[in-house]
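So the structure is just underneath, and the comments pick up after that.
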Amino acid sequence: MQLKPLATEPDPAQGPLVLMRFRPAWAYIDGIREFGRFFCKQTFGTEDLAQRATIVIQETLENAVKYSTQSPHSELELKIQVQGEHIEFSVSSLPDPAHIETLRDELVGLHSLDPEQAYLAAFVRASSQPDATARLGLARIRYEGNVELSLAEEAGGRIRITAVGKL
Amino acid sequence: MSAFEKVTLPSLESLTVEITGPTTVVLKGTITCKDPAADLGPFVRAMHEAVIADRVGELRVDVSGLSFVNSSAIRLFIDWTSWIKAMPGKRYKLQFATTRRVTWQKTSFLALQSLAAEVISVEQVD
């Protein structure tokens, strides 16, 4: 893909503002999160969006890395793009098939509550299940990232988690 | 020296921890390791036990310099709260010093407070 130089003002016709593909390794997450913070601060000029971006990127990438298969095709893709007044972060990965069902159920549960209630409910659940995994991440993305989450299944067993919020 | 001041500090590259007195701990940096429960859980547990041993009524946890944590690290604060709530008899309180400039601190510590308002207070230092 031939990339055009980035303008100061994002151009929706330009396609993704950021497109990164990388091996699902924990070691990359810090660097990519901080790049996302820098990119959003520089491009859109708001600290609030930069901080929301760090939460969305950290938690989506952590989930993608944790549940990725060890296949040669399991590389992750992070895309950041603008659609009108909205910013969209999406992460594509190749997870263990058993994880997809869990993820779908988790999202259905999340969407039954407003973002703040869902985050508080995740705290209560974590508190009552001290030996279970935290499962705070998706609720946190939605509430602290101020985004709505969706899941799409793609060819080859891949999935894409998309987080959309106001610029 | 109090038991709290003798707690062994954790060694995590992205995090600075200082015990600045018998009732204050200061955390600065980030916590984004894969397993904060393994890396920091023993330290948090040691602080909890030391505070009980010292019979302290309130511990101040200054997180205003903690610029980012992952949700597994937030889980540590939830666990800490649960340990206090489970204490028989007189419990100590945790006072978190936060900054309004960091989004996750505003939301996550208020959520924590709603979980256990009787043992958690949240102060904004700036």
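Chain identifiers are assigned as A, B, and so on, following the order in which chains appear in the structure tokens; residues are numbered from 1 within each chain, and ligands are numbered from 1 in order of appearance.
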Selection: 6 Å around region 90-101 of chain B, only C-alpha atoms, excl. self and same-chain fewer than 2 positions, as a ChimeraX atom specification: /B:57-64,106,119-126
Could those selected residues go to a file with C-alpha atoms, as an mmCIF file, in the first residue's frame?
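So the final result, stored in selection07.cif, reads:
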```
data_model
loop_
_atom_site.group_PDB
_atom_site.id
_atom_site.type_symbol
_atom_site.label_atom_id
_atom_site.label_comp_id
_atom_site.auth_asym_id
_atom_site.auth_seq_id
_atom_site.Cartn_x
_atom_site.Cartn_y
_atom_site.Cartn_z
ATOM 1 C CA GLY B 57 -6.024 3.496 61.048
ATOM 2 C CA GLU B 58 -5.399 4.880 57.569
ATOM 3 C CA LEU B 59 -2.827 4.349 54.837
ATOM 4 C CA ARG B 60 -2.231 7.001 52.198
ATOM 5 C CA VAL B 61 -1.452 5.602 48.758
ATOM 6 C CA ASP B 62 -0.240 8.335 46.431
ATOM 7 C CA VAL B 63 -0.915 7.149 42.883
ATOM 8 C CA SER B 64 -0.937 10.618 41.318
ATOM 9 C CA LYS B 106 -10.606 9.562 37.964
ATOM 10 C CA VAL B 119 -12.689 1.642 53.583
ATOM 11 C CA ILE B 120 -11.713 3.659 50.489
ATOM 12 C CA SER B 121 -11.423 7.398 50.106
ATOM 13 C CA VAL B 122 -10.182 9.257 47.052
ATOM 14 C CA GLU B 123 -8.492 12.630 47.182
ATOM 15 C CA GLN B 124 -7.537 14.752 44.177
ATOM 16 C CA VAL B 125 -4.202 16.422 44.772
ATOM 17 C CA ASP B 126 -4.383 18.731 41.751
#
```
Set the distance at 10 Å and use only C-alpha atoms: which residues neighbour Ser93 (chain A) once local chain neighbours fewer than 3 positions away are removed? I'd like the list as a PyMOL selection string. chain A and resi 23-24+61+63-65+67-69+73-78+96+153-154+157-161
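If we count only C-alpha atoms, these residues of chain A sit within 6 Å of chain B: Leu120, Leu136 and Gly137 of chain A.
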Residues within 8 Å of Val7 (chain B), only C-alpha atoms, excluding chain neighbours under 3 positions, as a VMD selection string: chain B and resid 3 to 4 43 46 to 47 50
For C-alpha atoms, I'd like the residues from the last selection saved as a short mmCIF file (atom, residue, chain, number, x, y, z; two decimals), in the first residue's frame.
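So selection07.cif came out as:
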```cif
data_model
loop_
_atom_site.label_atom_id
_atom_site.label_comp_id
_atom_site.auth_asym_id
_atom_site.auth_seq_id
_atom_site.Cartn_x
_atom_site.Cartn_y
_atom_site.Cartn_z
CA ALA B 3 6.59 -2.84 60.10
CA PHE B 4 5.23 -0.85 57.16
CA PHE B 43 4.33 -6.48 47.92
CA ALA B 46 3.08 -7.37 52.66
CA MET B 47 1.89 -3.75 52.96
CA ALA B 50 2.35 -4.54 57.93
#
```
Pull the helix (DSSP H, G or I) assignments for chain A out of DSSP run on the backbone, and list those residues as a count of residues only. 83
Tell me, in Å to one decimal, how far CA of Ala132 (chain A) is from CA of Ala37 (chain B). 11.8 Å
Per-residue DSSP, region 3-120 of chain B, filtered to strand (DSSP E), as a ChimeraX atom specification: /B:15-21,24-31,58-69,93-98,120
Using N, CA and C atoms, can you export the residues from the last selection as a compact mmCIF listing (two decimals), in the first residue's frame?
```txt
# COMPACT_ATOMS: atom_id res chain seq x y z
N LEU B 15 8.21 0.99 37.29
CA LEU B 15 7.53 1.48 38.49
C LEU B 15 8.52 1.89 39.56
N THR B 16 8.28 3.05 40.17
CA THR B 16 9.06 3.48 41.33
C THR B 16 8.15 3.45 42.55
N VAL B 17 8.61 2.81 43.60
CA VAL B 17 7.82 2.73 44.83
C VAL B 17 8.64 3.31 45.97
N GLU B 18 8.02 4.22 46.73
CA GLU B 18 8.70 4.80 47.90
C GLU B 18 7.76 4.74 49.09
N ILE B 19 8.28 4.27 50.21
CA ILE B 19 7.54 4.37 51.46
C ILE B 19 8.10 5.60 52.15
N THR B 20 7.27 6.61 52.28
CA THR B 20 7.78 7.91 52.71
C THR B 20 7.45 8.22 54.17
N GLY B 21 6.97 7.25 54.88
CA GLY B 21 6.64 7.44 56.30
C GLY B 21 5.88 6.24 56.78
N THR B 24 2.45 6.19 54.55
CA THR B 24 2.36 6.69 53.16
C THR B 24 3.25 5.89 52.22
N VAL B 25 2.64 5.50 51.09
CA VAL B 25 3.42 4.88 50.02
C VAL B 25 3.13 5.66 48.73
N VAL B 26 4.17 5.86 47.93
CA VAL B 26 4.04 6.63 46.70
C VAL B 26 4.41 5.72 45.51
N LEU B 27 3.50 5.65 44.55
CA LEU B 27 3.74 4.84 43.34
C LEU B 27 3.85 5.78 42.14
N LYS B 28 4.90 5.61 41.35
CA LYS B 28 5.09 6.44 40.16
C LYS B 28 5.48 5.56 38.97
N GLY B 29 5.02 5.96 37.79
CA GLY B 29 5.42 5.23 36.59
C GLY B 29 4.24 4.55 35.94
N THR B 30 4.45 3.34 35.47
CA THR B 30 3.38 2.56 34.84
C THR B 30 3.43 1.12 35.32
N ILE B 31 2.27 0.47 35.26
CA ILE B 31 2.22 -0.98 35.53
C ILE B 31 1.49 -1.61 34.35
N GLU B 58 -5.24 4.48 58.97
CA GLU B 58 -5.40 4.88 57.57
C GLU B 58 -4.05 4.87 56.87
N LEU B 59 -4.04 4.35 55.65
CA LEU B 59 -2.83 4.35 54.84
C LEU B 59 -3.07 5.24 53.63
N ARG B 60 -2.12 6.13 53.37
CA ARG B 60 -2.23 7.00 52.20
C ARG B 60 -1.43 6.38 51.05
N VAL B 61 -2.10 6.18 49.94
CA VAL B 61 -1.45 5.60 48.76
C VAL B 61 -1.47 6.67 47.68
N ASP B 62 -0.31 7.25 47.41
CA ASP B 62 -0.24 8.34 46.43
C ASP B 62 0.01 7.73 45.05
N VAL B 63 -1.03 7.72 44.23
CA VAL B 63 -0.91 7.15 42.88
C VAL B 63 -0.93 8.26 41.83
N SER B 64 -0.80 9.51 42.28
CA SER B 64 -0.94 10.62 41.32
C SER B 64 0.16 10.59 40.25
N GLY B 65 1.26 9.94 40.54
CA GLY B 65 2.34 9.82 39.56
C GLY B 65 2.29 8.52 38.77
N LEU B 66 1.22 7.78 38.94
CA LEU B 66 1.07 6.50 38.22
C LEU B 66 0.31 6.82 36.93
N SER B 67 1.06 6.99 35.86
CA SER B 67 0.44 7.54 34.65
C SER B 67 -0.42 6.54 33.90
N PHE B 68 -0.10 5.26 34.02
CA PHE B 68 -0.91 4.27 33.31
C PHE B 68 -0.78 2.91 33.97
N VAL B 69 -1.88 2.18 34.04
CA VAL B 69 -1.85 0.78 34.50
C VAL B 69 -2.79 -0.02 33.61
N LYS B 93 -8.26 2.10 56.76
CA LYS B 93 -8.78 2.71 55.53
C LYS B 93 -7.63 3.01 54.56
N LEU B 94 -7.97 2.98 53.28
CA LEU B 94 -7.01 3.37 52.23
C LEU B 94 -7.43 4.71 51.67
N GLN B 95 -6.50 5.66 51.69
CA GLN B 95 -6.78 6.94 51.06
C GLN B 95 -5.91 7.05 49.81
N PHE B 96 -6.54 7.08 48.66
CA PHE B 96 -5.80 7.19 47.41
C PHE B 96 -5.68 8.67 47.01
N ALA B 97 -4.47 9.11 46.82
CA ALA B 97 -4.22 10.47 46.32
C ALA B 97 -4.07 10.38 44.80
N THR B 98 -4.97 11.05 44.07
CA THR B 98 -5.02 10.93 42.61
C THR B 98 -4.89 12.31 41.96
N ILE B 120 -12.46 2.97 51.54
CA ILE B 120 -11.71 3.66 50.49
C ILE B 120 -12.12 5.12 50.43
```
Quick one: everything within 10 Å of region 104-114 of chain A, counting only C-alpha atoms, minus sequence neighbours fewer than 2 positions away in the same chain. Send it as number ranges by chain. A: 99-102, 116-119, 121-122, 135, 138-139, 142-143, 148-152
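Reported to one decimal place, the separation of CA of Val164 (chain A) from CA of Glu88 (chain A) is 4.5 Å.
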